[in-house]
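Chemist: Sharing upload29.tsv here; it has TSV, C-alpha atoms and all ligand atoms.
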chain	number	residue	atom	x	y	z
A	1	MET	CA	-2.34	-0.23	-15.84
A	2	GLN	CA	-5.57	1.57	-16.76
A	3	PRO	CA	-5.38	4.30	-19.42
A	4	VAL	CA	-6.25	7.82	-18.28
A	5	THR	CA	-6.43	11.17	-20.02
A	6	LEU	CA	-5.41	14.32	-18.18
A	7	ARG	CA	-7.45	17.43	-18.94
A	8	PRO	CA	-7.42	20.83	-17.21
A	9	ILE	CA	-9.60	20.84	-14.10
A	10	GLU	CA	-12.96	22.65	-14.38
A	11	MET	CA	-15.19	24.22	-11.73
A	12	ARG	CA	-17.91	21.61	-12.32
A	13	ASP	CA	-15.45	18.90	-11.16
A	14	TRP	CA	-15.62	19.97	-7.51
A	15	GLN	CA	-18.57	17.73	-6.58
A	16	ARG	CA	-16.94	14.58	-7.93
A	17	ILE	CA	-13.67	15.51	-6.18
A	18	HIS	CA	-15.60	16.16	-2.98
A	19	GLU	CA	-16.86	12.56	-3.02
A	20	TRP	CA	-13.39	11.40	-1.97
A	21	ALA	CA	-11.92	14.59	-0.50
A	22	SER	CA	-14.63	14.52	2.18
A	23	THR	CA	-13.70	11.01	3.40
A	24	ASP	CA	-11.41	9.99	6.27
A	25	ALA	CA	-9.91	7.22	4.13
A	26	ALA	CA	-8.67	9.50	1.33
A	27	CYS	CA	-7.38	12.15	3.75
A	28	ARG	CA	-5.79	9.85	6.29
A	29	PHE	CA	-2.19	10.70	5.34
A	30	GLN	CA	-2.83	14.23	4.07
A	31	PRO	CA	-2.37	17.53	5.92
A	32	TRP	CA	-5.76	18.68	4.53
A	33	GLY	CA	-9.32	17.44	4.84
A	34	PRO	CA	-11.69	15.79	5.30
A	35	ASN	CA	-13.14	18.63	3.22
A	36	GLN	CA	-16.33	20.54	3.70
A	37	PRO	CA	-18.01	21.42	0.37
A	38	GLU	CA	-16.54	24.95	0.49
A	39	ASP	CA	-13.03	23.45	0.88
A	40	SER	CA	-13.43	21.37	-2.27
A	41	ARG	CA	-14.88	24.34	-4.19
A	42	GLN	CA	-11.98	26.52	-3.03
A	43	PHE	CA	-9.44	23.87	-4.04
A	44	VAL	CA	-10.81	23.90	-7.59
A	45	ALA	CA	-11.09	27.71	-7.67
A	46	ASP	CA	-7.42	28.04	-6.59
A	47	ALA	CA	-6.37	25.48	-9.20
A	48	LEU	CA	-8.19	27.47	-11.91
A	49	VAL	CA	-6.38	30.67	-10.88
A	50	ALA	CA	-3.07	28.80	-11.09
A	51	TRP	CA	-3.84	27.78	-14.68
A	52	GLN	CA	-3.83	31.49	-15.63
A	53	GLN	CA	-0.41	32.21	-14.10
A	54	GLU	CA	2.78	32.60	-16.13
A	55	PRO	CA	5.42	31.39	-15.67
A	56	ILE	CA	3.82	28.08	-14.76
A	57	ARG	CA	3.77	27.42	-11.01
A	58	ARG	CA	1.02	24.83	-10.65
A	59	ARG	CA	-1.10	22.66	-12.89
A	60	VAL	CA	-4.02	20.51	-11.71
A	61	TRP	CA	-5.61	18.07	-14.14
A	62	ALA	CA	-8.69	15.90	-13.89
A	63	ALA	CA	-7.88	12.28	-14.82
A	64	GLU	CA	-10.57	10.71	-16.97
A	65	ALA	CA	-11.04	7.09	-17.98
A	66	ASP	CA	-13.40	5.59	-20.52
A	67	GLY	CA	-16.50	4.45	-18.65
A	68	PRO	CA	-16.19	5.91	-15.15
A	69	GLY	CA	-15.25	9.43	-16.30
A	70	LEU	CA	-13.38	11.43	-13.68
A	71	VAL	CA	-11.41	8.88	-11.63
A	72	GLY	CA	-8.85	11.16	-10.01
A	73	LEU	CA	-6.61	14.18	-10.02
A	74	GLY	CA	-3.02	14.88	-10.93
A	75	GLU	CA	-1.05	17.91	-9.80
A	76	LEU	CA	2.33	19.23	-10.84
A	77	VAL	CA	4.04	22.08	-8.95
A	78	VAL	CA	7.09	23.83	-10.39
A	79	ASN	CA	9.26	24.60	-7.37
A	80	SER	CA	12.00	26.31	-9.38
A	81	ALA	CA	11.72	27.38	-13.03
A	82	LYS	CA	15.42	28.31	-13.08
A	83	HIS	CA	16.53	24.87	-11.91
A	84	ARG	CA	13.63	23.08	-13.65
A	85	GLN	CA	12.47	21.35	-10.46
A	86	GLY	CA	8.95	19.98	-10.06
A	87	GLU	CA	6.83	17.90	-7.72
A	88	ILE	CA	3.88	15.65	-8.51
A	89	GLY	CA	0.85	14.65	-6.46
A	90	TYR	CA	-2.23	12.58	-7.26
A	91	ALA	CA	-5.46	11.17	-5.86
A	92	VAL	CA	-7.90	8.53	-7.06
A	93	HIS	CA	-11.63	8.35	-6.32
A	94	LEU	CA	-12.22	5.77	-3.57
A	95	ASP	CA	-14.50	3.75	-5.85
A	96	TRP	CA	-11.56	3.10	-8.17
A	97	TRP	CA	-8.65	2.31	-5.86
A	98	GLY	CA	-6.50	-0.70	-6.70
A	99	ARG	CA	-7.14	-0.69	-10.48
A	100	GLY	CA	-3.94	0.96	-11.64
A	101	TYR	CA	-5.31	4.50	-12.02
A	102	GLY	CA	-2.84	5.93	-9.49
A	103	GLU	CA	0.05	4.53	-11.49
A	104	ALA	CA	-1.44	5.82	-14.75
A	105	ILE	CA	-1.89	9.33	-13.37
A	106	ALA	CA	1.65	9.44	-11.95
A	107	ARG	CA	3.08	8.27	-15.30
A	108	ALA	CA	1.09	10.90	-17.19
A	109	LEU	CA	2.33	13.62	-14.80
A	110	LEU	CA	5.96	12.59	-15.28
A	111	HIS	CA	5.45	12.58	-19.05
A	112	ARG	CA	4.08	16.11	-18.97
A	113	GLY	CA	6.67	17.32	-16.50
A	114	PHE	CA	9.71	16.09	-18.41
A	115	GLY	CA	8.14	16.51	-21.87
A	116	GLU	CA	5.92	19.59	-22.09
A	117	LEU	CA	7.41	21.47	-19.14
A	118	GLY	CA	11.03	20.49	-19.74
A	119	LEU	CA	11.75	19.76	-16.09
A	120	HIS	CA	15.08	18.27	-15.08
A	121	ARG	CA	14.10	16.73	-11.72
A	122	ILE	CA	10.67	15.68	-10.46
A	123	THR	CA	10.02	14.64	-6.87
A	124	ALA	CA	7.11	13.13	-4.97
A	125	THR	CA	6.61	12.44	-1.29
A	126	CYS	CA	4.29	10.20	0.67
A	127	ASP	CA	3.72	9.15	4.23
A	128	PRO	CA	5.60	5.83	4.68
A	129	ARG	CA	2.34	4.36	6.03
A	130	ASN	CA	0.60	5.19	2.75
A	131	VAL	CA	1.56	1.89	1.16
A	132	ALA	CA	-0.60	2.40	-1.94
A	133	SER	CA	1.07	5.71	-2.77
A	134	ASP	CA	4.52	4.32	-1.94
A	135	ARG	CA	3.82	1.46	-4.34
A	136	VAL	CA	2.64	3.84	-7.08
A	137	LEU	CA	5.92	5.75	-6.89
A	138	GLN	CA	7.90	2.51	-7.11
A	139	LYS	CA	5.77	1.28	-10.03
A	140	VAL	CA	6.56	4.40	-12.09
A	141	GLY	CA	10.28	3.95	-11.49
A	142	MET	CA	10.92	6.83	-9.12
A	143	VAL	CA	13.93	6.39	-6.86
A	144	HIS	CA	13.60	6.43	-3.07
A	145	GLU	CA	16.16	9.01	-1.92
A	146	GLY	CA	15.41	8.84	1.78
A	147	THR	CA	12.86	9.52	4.47
A	148	LEU	CA	12.29	13.06	5.71
A	149	ARG	CA	11.31	13.17	9.36
A	150	GLY	CA	8.48	15.17	10.90
A	151	THR	CA	7.38	16.97	7.73
A	152	HIS	CA	3.64	17.40	8.37
A	153	LEU	CA	1.43	17.73	11.43
A	154	LEU	CA	-1.57	15.47	10.79
A	155	ARG	CA	-4.70	14.98	12.85
A	156	ASP	CA	-3.03	12.04	14.65
A	157	GLY	CA	0.40	13.62	15.08
A	158	TRP	CA	3.56	14.22	13.09
A	159	ARG	CA	4.22	12.25	9.91
A	160	ASP	CA	7.38	11.47	8.00
A	161	SER	CA	7.72	11.61	4.21
A	162	ASN	CA	9.35	9.17	1.86
A	163	LEU	CA	11.12	11.24	-0.79
A	164	TYR	CA	11.14	9.86	-4.34
A	165	ALA	CA	12.67	11.47	-7.43
A	166	LEU	CA	13.40	11.03	-11.10
A	167	VAL	CA	16.08	13.01	-12.91
A	168	ALA	CA	16.02	13.50	-16.69
A	169	ASP	CA	18.70	11.57	-18.56
A	170	ALA	CA	19.99	9.99	-15.34
A	201	LIG	C1	-2.51	6.53	-3.33
A	201	LIG	C2	-3.60	6.33	-4.39
A	201	LIG	C3	-3.53	7.47	-5.40
A	201	LIG	C4	-3.35	5.00	-5.11
A	201	LIG	O1	-4.25	4.91	-6.19
A	201	LIG	P1	-4.60	3.49	-6.86
A	201	LIG	O2	-5.36	3.78	-8.10
A	201	LIG	O3	-5.21	2.59	-5.86
A	201	LIG	O4	-3.11	2.99	-7.23
A	201	LIG	P2	-2.72	1.73	-8.12
A	201	LIG	O5	-3.89	0.83	-8.30
A	201	LIG	O6	-2.03	2.22	-9.35
A	201	LIG	O7	-1.59	1.04	-7.23
A	201	LIG	C5	-1.77	0.79	-5.86
A	201	LIG	C6	-0.76	-0.27	-5.45
A	201	LIG	O8	-0.70	-0.31	-4.02
A	201	LIG	C7	-0.93	-1.63	-3.61
A	201	LIG	N1	-1.57	-1.56	-2.30
A	201	LIG	C8	-2.66	-0.85	-1.95
A	201	LIG	N2	-2.96	-1.05	-0.66
A	201	LIG	C9	-2.00	-1.87	-0.18
A	201	LIG	C10	-1.74	-2.45	1.09
A	201	LIG	N3	-2.52	-2.18	2.15
A	201	LIG	N4	-0.66	-3.25	1.23
A	201	LIG	C11	0.14	-3.52	0.18
A	201	LIG	N5	-0.06	-2.99	-1.07
A	201	LIG	C12	-1.12	-2.19	-1.23
A	201	LIG	C13	-1.79	-2.24	-4.67
A	201	LIG	O9	-1.75	-3.66	-4.66
A	201	LIG	C14	-1.13	-1.66	-5.92
A	201	LIG	O10	0.10	-2.31	-6.24
A	201	LIG	P3	0.19	-3.42	-7.42
A	201	LIG	O11	-0.24	-2.77	-8.70
A	201	LIG	O12	1.64	-3.82	-7.42
A	201	LIG	O13	-0.73	-4.54	-7.03
A	201	LIG	C15	-5.02	6.27	-3.75
A	201	LIG	O14	-5.00	5.32	-2.72
A	201	LIG	C16	-5.46	7.60	-3.16
A	201	LIG	O15	-5.99	8.44	-3.87
A	201	LIG	N6	-5.22	7.82	-1.86
A	201	LIG	C17	-5.61	9.07	-1.21
A	201	LIG	C18	-4.79	10.24	-1.68
A	201	LIG	C19	-3.30	9.96	-1.58
A	201	LIG	O16	-2.82	9.33	-0.66
A	201	LIG	N7	-2.56	10.46	-2.58
A	201	LIG	C20	-1.13	10.32	-2.63
A	201	LIG	C21	-0.51	11.45	-1.93
A	201	LIG	S1	1.17	11.09	-1.48
Could I get this file's structure written as structure tokens?

Modeler:
Amino acid sequence: MQPVTLRPIEMRDWQRIHEWASTDAACRFQPWGPNQPEDSRQFVADALVAWQQEPIRRRVWAAEADGPGLVGLGELVVNSAKHRQGEIGYAVHLDWWGRGYGEAIARALLHRGFGELGLHRITATCDPRNVASDRVLQKVGMVHEGTLRGTHLLRDGWRDSNLYALVADA
């Protein structure tokens, strides 16, 4: 696994993010994209607004590695502060797929979610056809709880979602 550091996203990151967010390959299983430049700028602008909100609802970090710099993104959404429920998401720059960065980002998100944010349960979902993401969730030890049917309308029709979760102290 490659080491990554998560740091708060900054406006200047949008162009690097746009390099993958504008591609069919990175967006294939996502309900968003491929992005136009204004979409990528707006994504970062919204993420910056979320950083100012209390209580915490959403955190988006840039994932940096020694050498390549920004290799991806990690996102943590708090669905319920009362019940300490969160959800993670991640993306890796196309140039760096298959090197363990996805796993490293997911691990760092879980660490922050359970550690700094004190969450009790963290979930993640992926299209069952997204084998790389499915593998990332298995590699970090998340448990497959089932497959949700017809959760997102993509450009090529409805997709299902594999639901993974980790529960603190379980
Ligand atoms: C999903 C994503 C983050 C994975 O990032 P990554 O850095 O390539 O992930 P890793 O290198 O840590 O792990 C990928 C794993 O999938 C495996 N994999 C990838 N493509 C595969 C394929 N077609 N068949 C079988 N296994 C595959 C790799 O071999 C690796 O497993 P291994 O370590 O056991 O060999 C990246 O593909 C991405 O950003 N995709 C677009 C956005 C996205 O889908 N995000 C997830 C939202 S649910």

Chemist: How would you write, as an mmCIF file with C-alpha atoms, keeping the file's coordinate frame, the set of residues no farther than 9 Å from ligand LIG 201 (chain A) when counting all atoms listed in the file?

Modeler:
data_model
loop_
_atom_site.group_PDB
_atom_site.id
_atom_site.type_symbol
_atom_site.label_atom_id
_atom_site.label_comp_id
_atom_site.auth_asym_id
_atom_site.auth_seq_id
_atom_site.Cartn_x
_atom_site.Cartn_y
_atom_site.Cartn_z
ATOM 1 C CA MET A 1 -2.340 -0.230 -15.840
ATOM 2 C CA GLN A 2 -5.570 1.570 -16.760
ATOM 3 C CA TRP A 20 -13.390 11.400 -1.970
ATOM 4 C CA ALA A 21 -11.920 14.590 -0.500
ATOM 5 C CA ALA A 25 -9.910 7.220 4.130
ATOM 6 C CA ALA A 26 -8.670 9.500 1.330
ATOM 7 C CA CYS A 27 -7.380 12.150 3.750
ATOM 8 C CA ARG A 28 -5.790 9.850 6.290
ATOM 9 C CA PHE A 29 -2.190 10.700 5.340
ATOM 10 C CA GLN A 30 -2.830 14.230 4.070
ATOM 11 C CA VAL A 71 -11.410 8.880 -11.630
ATOM 12 C CA GLY A 72 -8.850 11.160 -10.010
ATOM 13 C CA LEU A 73 -6.610 14.180 -10.020
ATOM 14 C CA ILE A 88 3.880 15.650 -8.510
ATOM 15 C CA GLY A 89 0.850 14.650 -6.460
ATOM 16 C CA TYR A 90 -2.230 12.580 -7.260
ATOM 17 C CA ALA A 91 -5.460 11.170 -5.860
ATOM 18 C CA VAL A 92 -7.900 8.530 -7.060
ATOM 19 C CA HIS A 93 -11.630 8.350 -6.320
ATOM 20 C CA LEU A 94 -12.220 5.770 -3.570
ATOM 21 C CA TRP A 96 -11.560 3.100 -8.170
ATOM 22 C CA TRP A 97 -8.650 2.310 -5.860
ATOM 23 C CA GLY A 98 -6.500 -0.700 -6.700
ATOM 24 C CA ARG A 99 -7.140 -0.690 -10.480
ATOM 25 C CA GLY A 100 -3.940 0.960 -11.640
ATOM 26 C CA TYR A 101 -5.310 4.500 -12.020
ATOM 27 C CA GLY A 102 -2.840 5.930 -9.490
ATOM 28 C CA GLU A 103 0.050 4.530 -11.490
ATOM 29 C CA ALA A 104 -1.440 5.820 -14.750
ATOM 30 C CA ILE A 105 -1.890 9.330 -13.370
ATOM 31 C CA ALA A 106 1.650 9.440 -11.950
ATOM 32 C CA ALA A 124 7.110 13.130 -4.970
ATOM 33 C CA THR A 125 6.610 12.440 -1.290
ATOM 34 C CA CYS A 126 4.290 10.200 0.670
ATOM 35 C CA ASP A 127 3.720 9.150 4.230
ATOM 36 C CA ASN A 130 0.600 5.190 2.750
ATOM 37 C CA VAL A 131 1.560 1.890 1.160
ATOM 38 C CA ALA A 132 -0.600 2.400 -1.940
ATOM 39 C CA SER A 133 1.070 5.710 -2.770
ATOM 40 C CA ASP A 134 4.520 4.320 -1.940
ATOM 41 C CA ARG A 135 3.820 1.460 -4.340
ATOM 42 C CA VAL A 136 2.640 3.840 -7.080
ATOM 43 C CA LEU A 137 5.920 5.750 -6.890
ATOM 44 C CA GLN A 138 7.900 2.510 -7.110
ATOM 45 C CA LYS A 139 5.770 1.280 -10.030
ATOM 46 C CA SER A 161 7.720 11.610 4.210
#

Chemist: Could you work out an axis-aligned box for region 124-131 of chain A, taking every atom the file lists and adding 3 Å on each side, and report centre and edge lengths in Å to one decimal, as AutoDock Vina command-line options?

Modeler:
--center_x 3.9 --center_y 7.5 --center_z 0.5 --size_x 12.5 --size_y 17.2 --size_z 17.0

Chemist: Check which residues of region 114-149 of chain A sit at most 10 Å from region 74-81 of chain A using only C-alpha atoms, and return one row each with the closest pair of atoms and their distance in Å to one decimal, ordered by chain and rising number, as CSV.

Modeler:
residue,atom,partner,partner_atom,distance
A:Leu117,CA,A:Val78,CA,9.1
A:Gly118,CA,A:Ala81,CA,9.6
A:Leu119,CA,A:Ala81,CA,8.2
A:His120,CA,A:Ala81,CA,9.9
A:Ile122,CA,A:Val78,CA,8.9
A:Thr123,CA,A:Val77,CA,9.8
A:Ala124,CA,A:Leu76,CA,9.7

Chemist: Please report the interatomic distance between CA of Ala45 (chain A) and CA of Ala63 (chain A) in Å with one decimal.

Modeler: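 These atoms are spaced 17.3 Å apart.
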
Chemist: When distances are computed from only C-alpha atoms, which of A:Arg41, A:His144, A:Arg12, A:Lys82 shows the smallest separation from Asn162 (chain A)?

Modeler: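 Residue with the minimum atom-to-atom distance to Asn162 (chain A): A:His144.
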
Chemist: Looking at only C-alpha atoms, which of A:Ile17, A:Val49, A:Glu54, A:Gly157 is the one that sits closest to Gln36 (chain A)?

Modeler: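 Closest to Gln36 (chain A), using only C-alpha atoms: A:Ile17.
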
Chemist: To one decimal place in Å, what is the distance between CA of Arg121 (chain A) and CA of Arg59 (chain A)?

Modeler: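 Separation between CA of Arg121 (chain A) and CA of Arg59 (chain A): 16.4 Å.
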
Chemist: Under the rule that only C-alpha atoms are counted, which of A:Thr5, A:Trp61, A:Val143, A:Gly86 is the nearest residue to Leu48 (chain A)?

Modeler: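 Ranking A:Thr5, A:Trp61, A:Val143, A:Gly86 by distance to Leu48 (chain A), first place goes to A:Trp61.
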
Chemist: Take CA of Trp51 (chain A) and CA of Arg107 (chain A) and report the distance between them in Å, one decimal.

Modeler: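 Interatomic distance here is 20.7 Å.
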
Chemist: Nearest to Leu154 (chain A) among A:Pro55, A:Pro8, A:Gly67, A:Pro34, with distances taken over all atoms listed in the file: which residue is it?

Modeler: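 Among A:Pro55, A:Pro8, A:Gly67, A:Pro34, it is A:Pro34 that comes nearest to Leu154 (chain A).
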
Chemist: Which residue out of A:Arg84, A:Arg112, A:Arg57, A:Arg16 has the minimum interatomic distance to Val44 (chain A) when all atoms listed in the file are used?

Modeler: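 Among A:Arg84, A:Arg112, A:Arg57, A:Arg16, it is A:Arg16 that comes nearest to Val44 (chain A).
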
Chemist: Rank nothing, just name the residue among A:Ala50, A:Ile56, A:Leu70, A:Val4 nearest to Glu116 (chain A), using all atoms listed in the file.

Modeler: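 Counting all atoms listed in the file, the residue closest to Glu116 (chain A) is A:Ile56.
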
Chemist: Reconstruct N, CA and C atoms of region 22-45 of chain A; output as a PDB file, keeping the file's coordinate frame.

Modeler:
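Listed below is the output, selection-v5.pdb:
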ATOM      1  N   SER A  22     -13.861  14.371   0.938  1.00  0.00           N
ATOM      2  CA  SER A  22     -14.630  14.520   2.180  1.00  0.00           C
ATOM      3  C   SER A  22     -14.532  13.270   3.068  1.00  0.00           C
ATOM      4  N   THR A  23     -13.753  12.277   2.648  1.00  0.00           N
ATOM      5  CA  THR A  23     -13.700  11.010   3.400  1.00  0.00           C
ATOM      6  C   THR A  23     -12.439  10.911   4.260  1.00  0.00           C
ATOM      7  N   ASP A  24     -12.572  10.245   5.413  1.00  0.00           N
ATOM      8  CA  ASP A  24     -11.410   9.990   6.270  1.00  0.00           C
ATOM      9  C   ASP A  24     -10.373   9.145   5.536  1.00  0.00           C
ATOM     10  N   ALA A  25     -10.834   8.167   4.766  1.00  0.00           N
ATOM     11  CA  ALA A  25      -9.910   7.220   4.130  1.00  0.00           C
ATOM     12  C   ALA A  25      -8.967   7.937   3.157  1.00  0.00           C
ATOM     13  N   ALA A  26      -9.513   8.835   2.333  1.00  0.00           N
ATOM     14  CA  ALA A  26      -8.670   9.500   1.330  1.00  0.00           C
ATOM     15  C   ALA A  26      -7.755  10.542   1.967  1.00  0.00           C
ATOM     16  N   CYS A  27      -8.152  11.059   3.132  1.00  0.00           N
ATOM     17  CA  CYS A  27      -7.380  12.150   3.750  1.00  0.00           C
ATOM     18  C   CYS A  27      -6.463  11.667   4.859  1.00  0.00           C
ATOM     19  N   ARG A  28      -6.454  10.380   5.102  1.00  0.00           N
ATOM     20  CA  ARG A  28      -5.790   9.850   6.290  1.00  0.00           C
ATOM     21  C   ARG A  28      -4.330  10.306   6.404  1.00  0.00           C
ATOM     22  N   PHE A  29      -3.617  10.361   5.298  1.00  0.00           N
ATOM     23  CA  PHE A  29      -2.190  10.700   5.340  1.00  0.00           C
ATOM     24  C   PHE A  29      -1.922  12.104   4.803  1.00  0.00           C
ATOM     25  N   GLN A  30      -2.971  12.901   4.661  1.00  0.00           N
ATOM     26  CA  GLN A  30      -2.830  14.230   4.070  1.00  0.00           C
ATOM     27  C   GLN A  30      -2.955  15.311   5.145  1.00  0.00           C
ATOM     28  N   PRO A  31      -2.250  16.433   4.953  1.00  0.00           N
ATOM     29  CA  PRO A  31      -2.370  17.530   5.920  1.00  0.00           C
ATOM     30  C   PRO A  31      -3.662  18.328   5.755  1.00  0.00           C
ATOM     31  N   TRP A  32      -4.498  17.979   4.755  1.00  0.00           N
ATOM     32  CA  TRP A  32      -5.760  18.680   4.530  1.00  0.00           C
ATOM     33  C   TRP A  32      -6.918  17.704   4.720  1.00  0.00           C
ATOM     34  N   GLY A  33      -8.113  18.256   4.815  1.00  0.00           N
ATOM     35  CA  GLY A  33      -9.320  17.440   4.840  1.00  0.00           C
ATOM     36  C   GLY A  33      -9.594  16.781   6.187  1.00  0.00           C
ATOM     37  N   PRO A  34     -10.648  15.961   6.310  1.00  0.00           N
ATOM     38  CA  PRO A  34     -11.690  15.790   5.300  1.00  0.00           C
ATOM     39  C   PRO A  34     -12.390  17.119   4.986  1.00  0.00           C
ATOM     40  N   ASN A  35     -12.615  17.352   3.694  1.00  0.00           N
ATOM     41  CA  ASN A  35     -13.140  18.630   3.220  1.00  0.00           C
ATOM     42  C   ASN A  35     -14.608  18.832   3.533  1.00  0.00           C
ATOM     43  N   GLN A  36     -14.948  20.069   3.810  1.00  0.00           N
ATOM     44  CA  GLN A  36     -16.330  20.540   3.700  1.00  0.00           C
ATOM     45  C   GLN A  36     -16.538  20.936   2.233  1.00  0.00           C
ATOM     46  N   PRO A  37     -17.802  21.051   1.781  1.00  0.00           N
ATOM     47  CA  PRO A  37     -18.010  21.420   0.370  1.00  0.00           C
ATOM     48  C   PRO A  37     -17.262  22.696  -0.030  1.00  0.00           C
ATOM     49  N   GLU A  38     -17.231  23.695   0.863  1.00  0.00           N
ATOM     50  CA  GLU A  38     -16.540  24.950   0.490  1.00  0.00           C
ATOM     51  C   GLU A  38     -15.034  24.730   0.319  1.00  0.00           C
ATOM     52  N   ASP A  39     -14.461  23.752   1.054  1.00  0.00           N
ATOM     53  CA  ASP A  39     -13.030  23.450   0.880  1.00  0.00           C
ATOM     54  C   ASP A  39     -12.766  22.890  -0.514  1.00  0.00           C
ATOM     55  N   SER A  40     -13.628  21.985  -0.947  1.00  0.00           N
ATOM     56  CA  SER A  40     -13.430  21.370  -2.270  1.00  0.00           C
ATOM     57  C   SER A  40     -13.648  22.403  -3.379  1.00  0.00           C
ATOM     58  N   ARG A  41     -14.654  23.271  -3.203  1.00  0.00           N
ATOM     59  CA  ARG A  41     -14.880  24.340  -4.190  1.00  0.00           C
ATOM     60  C   ARG A  41     -13.676  25.269  -4.263  1.00  0.00           C
ATOM     61  N   GLN A  42     -13.134  25.603  -3.079  1.00  0.00           N
ATOM     62  CA  GLN A  42     -11.980  26.520  -3.030  1.00  0.00           C
ATOM     63  C   GLN A  42     -10.743  25.886  -3.653  1.00  0.00           C
ATOM     64  N   PHE A  43     -10.567  24.584  -3.425  1.00  0.00           N
ATOM     65  CA  PHE A  43      -9.440  23.870  -4.040  1.00  0.00           C
ATOM     66  C   PHE A  43      -9.494  24.019  -5.565  1.00  0.00           C
ATOM     67  N   VAL A  44     -10.677  23.802  -6.133  1.00  0.00           N
ATOM     68  CA  VAL A  44     -10.810  23.900  -7.590  1.00  0.00           C
ATOM     69  C   VAL A  44     -10.639  25.350  -8.045  1.00  0.00           C
ATOM     70  N   ALA A  45     -11.222  26.286  -7.297  1.00  0.00           N
ATOM     71  CA  ALA A  45     -11.090  27.710  -7.670  1.00  0.00           C
ATOM     72  C   ALA A  45      -9.624  28.123  -7.670  1.00  0.00           C
TER      73      ALA A  45
END
